[in-house]
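J.: Provided herewith: coords.txt, compact mmCIF, C-alpha atoms and all ligand atoms.
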```txt
# COMPACT_ATOMS: atom_id res chain seq x y z
CA MET A 1 -11.89 -10.78 -20.90
CA GLU A 2 -13.19 -7.97 -23.13
CA PHE A 3 -13.73 -4.59 -21.52
CA ALA A 4 -16.53 -2.44 -22.94
CA GLN A 5 -15.48 1.20 -23.09
CA HIS A 6 -17.99 3.87 -22.07
CA LEU A 7 -15.67 6.85 -22.15
CA SER A 8 -16.56 10.35 -21.05
CA ASP A 9 -15.45 13.70 -22.25
CA HIS A 10 -12.90 14.63 -19.66
CA ARG A 11 -14.60 15.13 -16.30
CA VAL A 12 -11.80 17.44 -15.31
CA SER A 13 -10.59 20.09 -17.74
CA GLU A 14 -7.06 19.83 -19.11
CA GLN A 15 -6.20 23.08 -17.37
CA GLU A 16 -7.46 21.81 -14.03
CA ARG A 17 -5.65 18.48 -14.46
CA THR A 18 -2.38 20.28 -15.21
CA LYS A 19 -2.82 22.27 -12.01
CA ILE A 20 -3.58 19.13 -9.97
CA LEU A 21 -0.52 17.36 -11.37
CA GLN A 22 1.72 20.20 -10.22
CA ASN A 23 1.02 19.27 -6.60
CA PRO A 24 -1.08 16.12 -6.37
CA GLY A 25 -0.53 15.32 -2.67
CA PHE A 26 -1.89 11.87 -1.85
CA GLY A 27 -5.39 10.56 -2.49
CA ASN A 28 -7.09 13.89 -3.06
CA PHE A 29 -7.94 13.80 -6.76
CA PHE A 30 -9.31 11.09 -9.02
CA THR A 31 -8.97 10.45 -12.73
CA ASP A 32 -11.73 10.51 -15.35
CA HIS A 33 -12.60 6.80 -15.39
CA THR A 34 -12.99 3.64 -13.39
CA ALA A 35 -12.68 -0.01 -14.45
CA VAL A 36 -15.39 -2.38 -13.22
CA ILE A 37 -16.08 -6.12 -13.31
CA ASP A 38 -19.21 -7.56 -11.69
CA TRP A 39 -19.56 -10.97 -10.12
CA SER A 40 -22.53 -13.05 -9.11
CA ALA A 41 -22.62 -16.56 -7.73
CA ASP A 42 -24.68 -17.61 -10.78
CA ALA A 43 -22.82 -15.80 -13.58
CA GLY A 44 -19.27 -15.57 -12.21
CA TRP A 45 -17.19 -12.57 -13.37
CA HIS A 46 -18.95 -10.63 -16.14
CA ASN A 47 -19.73 -7.18 -17.55
CA ALA A 48 -16.15 -5.86 -17.60
CA ARG A 49 -16.12 -2.21 -18.55
CA VAL A 50 -14.38 1.12 -18.28
CA GLU A 51 -16.84 3.86 -17.40
CA PRO A 52 -16.76 7.49 -16.25
CA TYR A 53 -15.61 8.03 -12.67
CA GLY A 54 -18.49 8.96 -10.40
CA PRO A 55 -20.64 7.98 -7.41
CA ILE A 56 -21.82 4.37 -7.36
CA SER A 57 -25.34 3.38 -6.57
CA LEU A 58 -25.68 0.77 -3.80
CA ASP A 59 -28.72 -0.67 -2.09
CA PRO A 60 -28.72 0.51 1.57
CA ALA A 61 -28.78 -3.18 2.56
CA ALA A 62 -25.62 -3.98 0.56
CA SER A 63 -23.61 -6.22 2.83
CA VAL A 64 -20.37 -4.23 2.47
CA LEU A 65 -22.13 -1.41 4.35
CA HIS A 66 -23.06 -3.67 7.29
CA TYR A 67 -20.49 -6.41 7.61
CA GLY A 68 -17.49 -4.84 5.90
CA GLN A 69 -17.01 -7.57 3.30
CA GLU A 70 -14.37 -5.69 1.31
CA VAL A 71 -10.75 -6.03 0.21
CA PHE A 72 -8.48 -3.64 -1.65
CA GLU A 73 -5.06 -3.14 -3.19
CA GLY A 74 -2.61 -0.33 -3.84
CA LEU A 75 -0.07 -0.11 -6.65
CA LYS A 76 1.44 2.57 -8.83
CA ALA A 77 1.97 3.41 -12.51
CA TYR A 78 5.15 5.37 -13.31
CA ARG A 79 5.99 7.61 -16.23
CA HIS A 80 9.36 6.94 -17.82
CA GLU A 81 11.57 9.52 -19.48
CA ASP A 82 10.44 8.42 -22.96
CA GLY A 83 6.84 9.17 -21.94
CA SER A 84 5.79 5.51 -21.63
CA VAL A 85 3.93 4.28 -18.55
CA ARG A 86 4.63 1.09 -16.52
CA THR A 87 3.04 -0.52 -13.52
CA PHE A 88 5.15 -2.16 -10.82
CA ARG A 89 4.54 -5.87 -10.11
CA PRO A 90 0.76 -5.76 -10.74
CA GLY A 91 0.55 -9.57 -10.76
CA LYS A 92 1.66 -9.57 -7.10
CA ASN A 93 -1.23 -7.29 -6.20
CA GLY A 94 -3.52 -9.61 -8.15
CA GLU A 95 -2.29 -12.58 -6.12
CA ARG A 96 -2.61 -10.66 -2.85
CA ILE A 97 -6.16 -9.48 -3.47
CA ASN A 98 -7.08 -13.12 -3.95
CA ALA A 99 -5.42 -14.11 -0.67
CA SER A 100 -7.39 -11.30 1.00
CA ALA A 101 -10.57 -12.34 -0.84
CA ARG A 102 -10.25 -15.91 0.45
CA ARG A 103 -10.01 -14.62 4.03
CA LEU A 104 -13.04 -12.34 3.57
CA ALA A 105 -15.07 -15.04 1.75
CA LEU A 106 -15.11 -12.99 -1.47
CA PRO A 107 -14.66 -14.57 -4.91
CA GLU A 108 -11.17 -14.78 -6.41
CA LEU A 109 -10.58 -12.78 -9.58
CA PRO A 110 -8.21 -14.43 -12.08
CA VAL A 111 -4.94 -12.48 -11.88
CA GLU A 112 -4.96 -11.79 -15.63
CA HIS A 113 -8.35 -10.04 -15.30
CA PHE A 114 -7.01 -7.99 -12.39
CA VAL A 115 -3.96 -6.91 -14.40
CA GLU A 116 -6.07 -6.21 -17.49
CA ALA A 117 -8.51 -4.03 -15.50
CA VAL A 118 -5.57 -2.00 -14.19
CA ARG A 119 -4.09 -1.76 -17.68
CA GLN A 120 -7.36 -0.63 -19.24
CA LEU A 121 -7.82 2.15 -16.69
CA VAL A 122 -4.24 3.38 -16.93
CA ALA A 123 -4.46 3.33 -20.73
CA VAL A 124 -7.54 5.57 -20.90
CA ASP A 125 -6.35 7.89 -18.11
CA GLN A 126 -2.63 7.97 -18.94
CA ASP A 127 -2.60 11.77 -19.13
CA TRP A 128 -3.01 11.63 -15.36
CA VAL A 129 0.33 9.89 -14.70
CA PRO A 130 2.61 12.55 -13.20
CA SER A 131 6.29 12.65 -14.06
CA GLY A 132 7.87 14.50 -11.13
CA ASP A 133 10.41 12.98 -8.76
CA GLY A 134 8.70 10.49 -6.45
CA GLU A 135 5.36 10.97 -8.22
CA ALA A 136 3.17 8.31 -9.79
CA LEU A 137 -0.43 7.39 -10.50
CA TYR A 138 -1.69 5.51 -7.44
CA LEU A 139 -4.11 2.73 -8.38
CA ARG A 140 -6.69 1.47 -5.95
CA PRO A 141 -8.38 -1.79 -6.97
CA PHE A 142 -11.10 -2.96 -4.55
CA MET A 143 -13.82 -5.55 -4.23
CA ILE A 144 -17.09 -4.95 -2.39
CA ALA A 145 -20.08 -7.12 -1.48
CA THR A 146 -23.07 -5.48 -3.17
CA GLU A 147 -25.84 -7.98 -2.47
CA ALA A 148 -28.79 -6.51 -0.52
CA PHE A 149 -29.23 -9.04 2.25
CA LEU A 150 -28.95 -8.72 6.02
CA GLY A 151 -28.23 -12.32 6.94
CA VAL A 152 -24.60 -12.86 7.87
CA ARG A 153 -23.21 -14.93 5.03
CA PRO A 154 -20.93 -14.31 2.04
CA ALA A 155 -22.62 -12.07 -0.52
CA ARG A 156 -23.76 -13.62 -3.80
CA GLU A 157 -23.17 -10.35 -5.68
CA VAL A 158 -19.86 -8.51 -5.72
CA SER A 159 -18.27 -5.68 -7.64
CA PHE A 160 -14.56 -5.25 -8.44
CA ARG A 161 -13.44 -1.75 -9.31
CA VAL A 162 -10.25 0.16 -9.95
CA ILE A 163 -9.89 3.88 -9.37
CA ALA A 164 -6.77 6.00 -9.82
CA SER A 165 -5.34 9.05 -8.11
CA PRO A 166 -2.18 11.03 -8.97
CA ALA A 167 0.21 10.90 -6.03
CA GLY A 168 3.23 12.69 -4.63
CA ASN A 169 4.91 12.10 -1.26
CA TYR A 170 2.47 10.37 1.12
CA PHE A 171 3.84 12.39 4.04
CA GLY A 172 3.61 15.70 2.17
CA GLY A 173 6.36 18.06 1.00
CA GLU A 174 9.89 16.87 0.37
CA LEU A 175 11.09 13.47 1.59
CA HIS A 176 11.95 13.72 5.29
CA ALA A 177 12.38 11.40 8.27
CA VAL A 178 9.11 11.03 10.18
CA PRO A 179 8.28 10.50 13.86
CA ILE A 180 6.22 7.40 14.64
CA TRP A 181 3.79 6.88 17.51
CA LEU A 182 3.94 3.63 19.46
CA SER A 183 0.44 2.30 20.07
CA GLN A 184 0.23 0.83 23.58
CA ASN A 185 -3.55 1.00 23.95
CA PHE A 186 -4.49 -0.75 20.73
CA ALA A 187 -3.39 -3.74 18.67
CA ARG A 188 -4.06 -3.81 14.93
CA ALA A 189 -4.54 -7.52 14.53
CA GLY A 190 -4.76 -10.75 16.51
CA HIS A 191 -3.63 -14.26 15.64
CA GLY A 192 -6.19 -15.97 13.41
CA GLY A 193 -7.75 -12.60 12.57
CA THR A 194 -7.56 -10.61 9.36
CA GLY A 195 -4.19 -8.89 9.93
CA GLU A 196 -2.53 -10.15 6.77
CA ALA A 197 -5.57 -9.50 4.58
CA LYS A 198 -5.80 -6.08 2.98
CA CYS A 199 -9.36 -5.38 4.08
CA GLY A 200 -10.95 -2.08 5.02
CA GLY A 201 -11.78 -3.29 8.55
CA ASN A 202 -8.09 -3.44 9.47
CA TYR A 203 -7.73 0.21 8.59
CA ALA A 204 -10.90 1.21 10.43
CA ALA A 205 -9.46 -0.61 13.45
CA SER A 206 -6.24 1.38 13.18
CA LEU A 207 -7.88 4.81 13.19
CA ALA A 208 -8.27 5.32 16.95
CA ALA A 209 -4.54 4.63 17.29
CA GLN A 210 -3.85 6.87 14.30
CA MET A 211 -5.76 9.71 16.00
CA GLU A 212 -3.60 9.24 19.09
CA ALA A 213 -0.52 9.34 16.85
CA GLU A 214 -1.61 12.56 15.19
CA ALA A 215 -2.36 14.15 18.55
CA HIS A 216 1.32 13.51 19.32
CA GLY A 217 2.57 14.95 16.03
CA CYS A 218 3.12 11.58 14.33
CA PRO A 219 1.82 10.73 10.86
CA GLN A 220 1.95 6.95 11.41
CA VAL A 221 1.42 4.52 14.25
CA LEU A 222 3.47 1.42 15.08
CA PHE A 223 1.69 -1.73 16.22
CA LEU A 224 3.25 -4.43 18.39
CA ASP A 225 2.12 -7.97 19.13
CA PRO A 226 1.27 -7.84 22.86
CA THR A 227 0.96 -11.66 22.90
CA ASP A 228 4.51 -12.21 21.62
CA ASP A 229 6.94 -10.24 23.81
CA PHE A 230 5.78 -6.95 22.29
CA SER A 231 7.42 -7.78 18.99
CA VAL A 232 7.23 -5.17 16.27
CA GLU A 233 4.57 -5.84 13.63
CA GLU A 234 4.04 -2.93 11.22
CA LEU A 235 2.76 0.60 10.86
CA GLY A 236 -0.86 1.45 10.05
CA GLY A 237 -0.07 1.43 6.32
CA MET A 238 3.56 0.35 5.94
CA ASN A 239 6.06 -2.39 6.79
CA VAL A 240 9.16 -1.59 8.83
CA PHE A 241 12.87 -2.36 8.52
CA PHE A 242 15.85 -1.87 10.84
CA VAL A 243 19.51 -1.58 9.87
CA LEU A 244 21.93 -2.87 12.49
CA GLU A 245 25.66 -2.33 12.82
CA GLY A 246 27.59 -4.19 10.12
CA GLY A 247 24.83 -3.76 7.53
CA THR A 248 22.31 -6.34 8.75
CA LEU A 249 18.79 -5.60 7.60
CA VAL A 250 16.06 -6.87 9.92
CA THR A 251 12.32 -6.90 9.26
CA PRO A 252 9.52 -8.59 11.22
CA ARG A 253 8.73 -12.03 9.84
CA LEU A 254 5.35 -12.68 8.25
CA ASN A 255 3.50 -13.94 11.32
CA GLY A 256 -0.05 -13.97 9.95
CA ASN A 257 -0.81 -10.54 11.41
CA ILE A 258 1.11 -8.28 9.05
CA LEU A 259 0.68 -7.47 5.39
CA HIS A 260 2.87 -9.28 2.86
CA GLY A 261 4.15 -5.98 1.51
CA ILE A 262 5.24 -5.99 -2.12
CA THR A 263 7.68 -3.17 -1.37
CA ARG A 264 8.93 -5.26 1.59
CA ASP A 265 9.51 -8.20 -0.74
CA SER A 266 11.27 -5.98 -3.31
CA VAL A 267 13.48 -4.40 -0.62
CA LEU A 268 14.48 -7.87 0.61
CA GLN A 269 15.43 -8.95 -2.92
CA LEU A 270 17.41 -5.77 -3.63
CA ALA A 271 19.16 -5.95 -0.25
CA ARG A 272 20.29 -9.54 -0.87
CA GLU A 273 21.70 -8.48 -4.23
CA MET A 274 23.54 -5.64 -2.47
CA ASP A 275 25.19 -8.28 -0.26
CA LEU A 276 23.46 -7.12 2.88
CA THR A 277 22.66 -9.72 5.50
CA VAL A 278 18.91 -10.02 5.62
CA GLU A 279 16.94 -11.34 8.58
CA GLU A 280 13.17 -11.87 8.65
CA ARG A 281 12.59 -12.53 12.32
CA LYS A 282 10.98 -11.52 15.57
CA PHE A 283 12.25 -8.08 16.62
CA THR A 284 10.98 -6.92 19.99
CA LEU A 285 10.55 -3.41 21.31
CA ASP A 286 13.12 -4.28 24.01
CA GLU A 287 15.68 -5.27 21.36
CA TRP A 288 15.00 -2.02 19.49
CA ARG A 289 15.47 0.04 22.65
CA GLU A 290 18.65 -1.80 23.56
CA ALA A 291 20.09 -1.41 20.05
CA VAL A 292 19.46 2.35 20.24
CA ALA A 293 20.98 2.55 23.72
CA ASN A 294 24.16 0.67 22.77
CA GLY A 295 24.52 2.31 19.36
CA THR A 296 24.06 -0.81 17.22
CA LEU A 297 20.85 0.43 15.60
CA LYS A 298 21.86 2.53 12.62
CA GLU A 299 18.60 3.15 10.77
CA ALA A 300 14.90 2.40 10.81
CA PHE A 301 12.60 2.93 7.84
CA ALA A 302 9.05 2.42 6.69
CA CYS A 303 8.16 1.03 3.29
CA GLY A 304 5.07 0.58 1.19
CA THR A 305 3.55 1.57 -2.12
CA ALA A 306 2.29 4.87 -0.75
CA ALA A 307 5.30 5.54 1.49
CA VAL A 308 7.95 4.21 -0.94
CA ILE A 309 10.84 4.18 1.58
CA THR A 310 10.75 6.76 4.33
CA PRO A 311 13.22 6.95 7.22
CA ILE A 312 11.94 7.01 10.79
CA ALA A 313 13.27 9.86 12.92
CA GLU A 314 12.01 8.82 16.34
CA LEU A 315 9.60 6.60 18.21
CA ARG A 316 7.26 8.51 20.51
CA SER A 317 5.16 6.91 23.22
CA ALA A 318 3.46 7.72 26.51
CA GLU A 319 6.81 6.92 28.14
CA GLY A 320 8.77 9.49 26.15
CA THR A 321 10.65 9.82 22.89
CA MET A 322 13.36 7.51 21.61
CA VAL A 323 15.42 9.45 19.09
CA LEU A 324 16.97 7.34 16.33
CA PRO A 325 20.34 8.08 14.72
CA GLU A 326 20.29 10.88 12.16
CA THR A 327 20.20 9.62 8.61
CA THR A 328 23.34 10.10 6.56
CA SER A 329 23.91 10.43 2.83
CA ASP A 330 25.41 6.92 2.58
CA SER A 331 22.48 5.31 4.37
CA VAL A 332 21.27 1.84 3.51
CA TRP A 333 17.68 3.10 3.19
CA GLY A 334 18.86 5.78 0.75
CA SER A 335 20.66 3.35 -1.55
CA ILE A 336 17.78 0.85 -1.54
CA ARG A 337 15.32 3.67 -2.21
CA ALA A 338 17.41 4.97 -5.10
CA LYS A 339 17.58 1.51 -6.64
CA LEU A 340 13.89 0.74 -6.19
CA LEU A 341 12.73 4.11 -7.52
CA GLY A 342 15.26 3.81 -10.34
CA VAL A 343 13.74 0.52 -11.46
CA GLN A 344 10.23 1.95 -11.12
CA ARG A 345 11.15 5.08 -13.07
CA GLY A 346 13.16 3.23 -15.71
CA THR A 347 16.58 4.71 -14.89
CA VAL A 348 17.91 1.46 -13.40
CA GLU A 349 17.71 -1.79 -15.39
CA ASP A 350 14.70 -3.93 -14.48
CA THR A 351 16.57 -7.21 -14.07
CA HIS A 352 13.65 -8.87 -12.25
CA GLY A 353 10.95 -8.19 -14.84
CA TRP A 354 9.03 -6.14 -12.26
CA LEU A 355 7.60 -3.62 -14.72
CA THR A 356 4.57 -4.14 -16.94
CA ARG A 357 4.23 -1.86 -19.95
CA LEU A 358 0.85 -0.53 -21.00
N1 LIG B 1 1.34 -2.77 5.68
C1 LIG B 1 0.14 -2.19 5.57
C2 LIG B 1 -0.78 -2.27 6.74
C3 LIG B 1 -0.21 -1.52 4.39
O1 LIG B 1 -1.40 -0.93 4.26
C4 LIG B 1 0.71 -1.47 3.33
C5 LIG B 1 0.36 -0.79 2.08
O2 LIG B 1 -0.22 -1.33 1.20
C6 LIG B 1 1.94 -2.10 3.48
C7 LIG B 1 2.23 -2.74 4.67
C8 LIG B 1 2.94 -2.11 2.37
O3 LIG B 1 2.52 -2.96 1.33
P1 LIG B 1 2.96 -2.70 -0.17
O4 LIG B 1 4.42 -2.58 -0.16
O5 LIG B 1 2.49 -3.90 -0.91
O6 LIG B 1 2.29 -1.45 -0.59
C1 LIG B 2 -0.56 1.52 0.12
O1 LIG B 2 0.61 1.83 0.34
O2 LIG B 2 -0.94 1.16 -0.99
C2 LIG B 2 -1.56 1.55 1.18
O3 LIG B 2 -2.61 0.99 1.00
C3 LIG B 2 -1.27 2.23 2.42
C4 LIG B 2 -2.13 3.38 2.76
C5 LIG B 2 -1.42 4.14 3.84
C6 LIG B 2 -2.51 4.29 1.66
```
Output the structure of this file as structure tokens.

T.:
Amino acid sequence: MEFAQHLSDHRVSEQERTKILQNPGFGNFFTDHTAVIDWSADAGWHNARVEPYGPISLDPAASVLHYGQEVFEGLKAYRHEDGSVRTFRPGKNGERINASARRLALPELPVEHFVEAVRQLVAVDQDWVPSGDGEALYLRPFMIATEAFLGVRPAREVSFRVIASPAGNYFGGELHAVPIWLSQNFARAGHGGTGEAKCGGNYAASLAAQMEAEAHGCPQVLFLDPTDDFSVEELGGMNVFFVLEGGTLVTPRLNGNILHGITRDSVLQLAREMDLTVEERKFTLDEWREAVANGTLKEAFACGTAAVITPIAELRSAEGTMVLPETTSDSVWGSIRAKLLGVQRGTVEDTHGWLTRL
């Protein structure tokens, strides 16, 4: 697919960009361009282009605004020491947006078009890829239903876009263990629902719980499955892992409610290669509490594109705080994080072919 290029003079001055890149935070600043591909039921995918970043014009009746027909992705582009830029497993995001699109009755975008749209945007905005430790250019592909029609049915007009935002630590400042809030009033997803799709509605549904979390000093909220012995599902925007005595790594199995995290999948692969025992299974809140009480829980950590790998310091809830063991320098999370970031940053050999060069 050919992308037309309608490039702008830089929207943001070089001086301003340099200042932004010194402390990008997460999701606050956007690059100069956006990649777009339109779709209609009659014409299929067409009009691929890179155009200046800016507000988009939508009819007030566009169905995304009423029925939330939307899916999105998150991935990163990393700057290597030689100055080159690579994205991490973009094909996986392309496959996942299609799984989400099927659930939300949106059209599937051929994975090669997805990857090419990402590549085109990163290529024109590569000056925006930061190079600091733990920093990257966060890419946000998304698909929205743009047809103006108020009947409840799949839209016949859709737009796929990619925007980009330089990113540092999602939790702000230096890497540190974070407290997590246990949501007991809200579930994130239900069986047969949209839990494993990456759609905006899931995140809207998590916000009331997220507000509760923040009121208790926690930057993320943990969701359980109240219909399955209160088993652990995931955080609002991250998967979770537990390290048990003897080096066993446990993560909740993919039960239809939780996101098939690409970081989760990468952590599982790296852990197996590090000869850790890996278990994808049901892990209940009771088992977690018991493992803390009897000392067999060694670590808990969150993982995701935005979060990378971040240790969990404690689990807070209406019933009190469960403090987790302090993290140590020879932690499992630390060695997996070093390996994963090393591959992403080009300092550890990419034996899996996870990186795509511009
Ligand atoms: N779970 C949720 C709800 C998320 O939003 C994310 C982030 O995308 C993840 C898990 C981690 O997924 P990934 O590792 O693909 O970023
Ligand atoms: C990501 O990690 O890409 C997400 O979408 C999670 C969100 C917390 C930003």

J.: Using 9 Å as the limit and counting all atoms listed in the file, can you tabulate each residue of region 48-80 of chain A that touches region 289-306 of chain A, with its shortest atom-to-atom distance in Å and the two atoms involved, as a tab-separated table?

T.:
```
residue	atom	partner	partner_atom	distance
A:Gly74	CA	A:Thr305	CA	6.7
A:Leu75	CA	A:Thr305	CA	6.0
A:Lys76	CA	A:Thr305	CA	7.1
```

J.: Please produce a file of those selected residues containing C-alpha atoms, as a PDB file, in the frame of the given file.

T.:
```pdb
ATOM      1  CA  GLY A  74      -2.610  -0.330  -3.840  1.00  0.00           C
ATOM      2  CA  LEU A  75      -0.070  -0.110  -6.650  1.00  0.00           C
ATOM      3  CA  LYS A  76       1.440   2.570  -8.830  1.00  0.00           C
TER       4      LYS A  76
END
```

J.: Ligand LIG 1 (chain B): which residues are within 8 Å, counting all atoms listed in the file? Reply as a compact mmCIF listing (two decimals) with C-alpha atoms, keeping the file's coordinate frame.

T.:
```
# COMPACT_ATOMS: atom_id res chain seq x y z
CA GLU A 73 -5.06 -3.14 -3.19
CA GLY A 74 -2.61 -0.33 -3.84
CA LEU A 75 -0.07 -0.11 -6.65
CA ASN A 93 -1.23 -7.29 -6.20
CA LYS A 198 -5.80 -6.08 2.98
CA ASN A 202 -8.09 -3.44 9.47
CA TYR A 203 -7.73 0.21 8.59
CA GLU A 234 4.04 -2.93 11.22
CA LEU A 235 2.76 0.60 10.86
CA GLY A 236 -0.86 1.45 10.05
CA GLY A 237 -0.07 1.43 6.32
CA MET A 238 3.56 0.35 5.94
CA ASN A 239 6.06 -2.39 6.79
CA ILE A 258 1.11 -8.28 9.05
CA LEU A 259 0.68 -7.47 5.39
CA HIS A 260 2.87 -9.28 2.86
CA GLY A 261 4.15 -5.98 1.51
CA ILE A 262 5.24 -5.99 -2.12
CA THR A 263 7.68 -3.17 -1.37
CA ARG A 264 8.93 -5.26 1.59
CA ASP A 265 9.51 -8.20 -0.74
CA CYS A 303 8.16 1.03 3.29
CA GLY A 304 5.07 0.58 1.19
CA THR A 305 3.55 1.57 -2.12
CA ALA A 306 2.29 4.87 -0.75
CA ALA A 307 5.30 5.54 1.49
CA VAL A 308 7.95 4.21 -0.94
```

J.: What does the structure give for the distance between CA of Leu222 (chain A) and CA of Val343 (chain A), in Å to one decimal?

T.: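 Between these atoms lies a distance of 28.5 Å.
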
J.: Pick from A:Ile312, A:Val118, A:Ala205, A:Val221: nearest to Phe242 (chain A), with only C-alpha atoms counted?

T.: A:Ile312

J.: So, with all atoms listed in the file as the atoms that count, which of A:Ser13, A:Gln220, A:Asn23, A:Ser84 lies closest to ligand LIG 2 (chain B)?

T.: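 When distances to ligand LIG 2 (chain B) are compared using all atoms listed in the file, the smallest one comes from A:Gln220.
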
J.: Edge lengths and centre in Å to one decimal, as lines of an AutoDock Vina configuration file, is what I'm after for the box along x, y and z that holds all listed atoms of ligand LIG 2 (chain B) once 8 Å is added on each side.

T.:
```
center_x = -1.0
center_y = 2.6
center_z = 1.4
size_x = 19.2
size_y = 19.3
size_z = 20.8
```

J.: If we count only C-alpha atoms and set the cut-off at 9 Å, which residues sit around region 35-39 of chain A, ignoring sequence neighbours fewer than 5 positions away in its own chain? Please answer as a PyMOL selection string.

T.: chain A and resi 3+44-53+107+113+117-118+120-121+141+156-163

J.: Return the single residue from A:Thr18, A:Ser331, A:Ser100, A:Asn185 that is closest to Asp225 (chain A), with distances computed using all atoms listed in the file.

T.: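 Among the listed residues, the smallest separation from Asp225 (chain A) belongs to A:Asn185.
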
J.: Residues of region 30-145 of chain A within 12 Å of region 171-177 of chain A: nearest atom pair and distance (Å, one decimal) for each, counting only C-alpha atoms, sorted by chain and number, as CSV?

T.:
```
residue,atom,partner,partner_atom,distance
A:Gly132,CA,A:Glu174,CA,11.9
A:Asp133,CA,A:Glu174,CA,9.9
A:Gly134,CA,A:Leu175,CA,8.9
A:Glu135,CA,A:Glu174,CA,11.4
```

J.: Identify, on the basis of all atoms listed in the file, every residue whose closest approach to Leu340 (chain A) does not exceed 8 Å; exclude the query and any residue fewer than 6 positions from it along the same chain; express the result as an MDAnalysis selection string.

T.: chainID A and resid 266:267 270

J.: Give me, please, the distance in Å between CA of Ala318 (chain A) and atom C1 of ligand LIG 2 (chain B), quoted to one decimal.

T.: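 Separating CA of Ala318 (chain A) from atom C1 of ligand LIG 2 (chain B) is a distance of 27.4 Å.
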
J.: Supply region 25-39 of chain A as a compact mmCIF listing (two decimals), in the coordinates of the input, with N, CA and C atoms built in where the input has gaps.

T.:
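This is the output file rebuild02.txt:
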```txt
# COMPACT_ATOMS: atom_id res chain seq x y z
N GLY A 25 -0.32 15.82 -4.03
CA GLY A 25 -0.53 15.32 -2.67
C GLY A 25 -0.80 13.83 -2.72
N PHE A 26 -1.58 13.30 -1.80
CA PHE A 26 -1.89 11.87 -1.85
C PHE A 26 -3.39 11.65 -1.65
N GLY A 27 -4.01 11.03 -2.66
CA GLY A 27 -5.39 10.56 -2.49
C GLY A 27 -6.46 11.63 -2.52
N ASN A 28 -6.13 12.79 -3.07
CA ASN A 28 -7.09 13.89 -3.06
C ASN A 28 -7.89 14.03 -4.35
N PHE A 29 -7.32 13.56 -5.45
CA PHE A 29 -7.94 13.80 -6.76
C PHE A 29 -8.05 12.47 -7.50
N PHE A 30 -9.07 12.36 -8.32
CA PHE A 30 -9.31 11.09 -9.02
C PHE A 30 -9.43 11.32 -10.52
N THR A 31 -9.04 10.30 -11.28
CA THR A 31 -8.97 10.45 -12.73
C THR A 31 -10.37 10.41 -13.35
N ASP A 32 -10.44 10.38 -14.66
CA ASP A 32 -11.73 10.51 -15.35
C ASP A 32 -12.56 9.22 -15.38
N HIS A 33 -11.89 8.08 -15.18
CA HIS A 33 -12.60 6.80 -15.39
C HIS A 33 -12.39 5.82 -14.26
N THR A 34 -13.14 4.75 -14.32
CA THR A 34 -12.99 3.64 -13.39
C THR A 34 -13.18 2.34 -14.18
N ALA A 35 -12.47 1.30 -13.81
CA ALA A 35 -12.68 -0.01 -14.45
C ALA A 35 -13.53 -0.85 -13.51
N VAL A 36 -14.45 -1.62 -14.05
CA VAL A 36 -15.39 -2.38 -13.22
C VAL A 36 -15.56 -3.79 -13.78
N ILE A 37 -15.65 -4.78 -12.90
CA ILE A 37 -16.08 -6.12 -13.31
C ILE A 37 -17.07 -6.59 -12.24
N ASP A 38 -18.21 -7.07 -12.65
CA ASP A 38 -19.21 -7.56 -11.69
C ASP A 38 -19.06 -9.06 -11.51
N TRP A 39 -19.55 -9.52 -10.38
CA TRP A 39 -19.56 -10.97 -10.12
C TRP A 39 -20.88 -11.35 -9.47
```
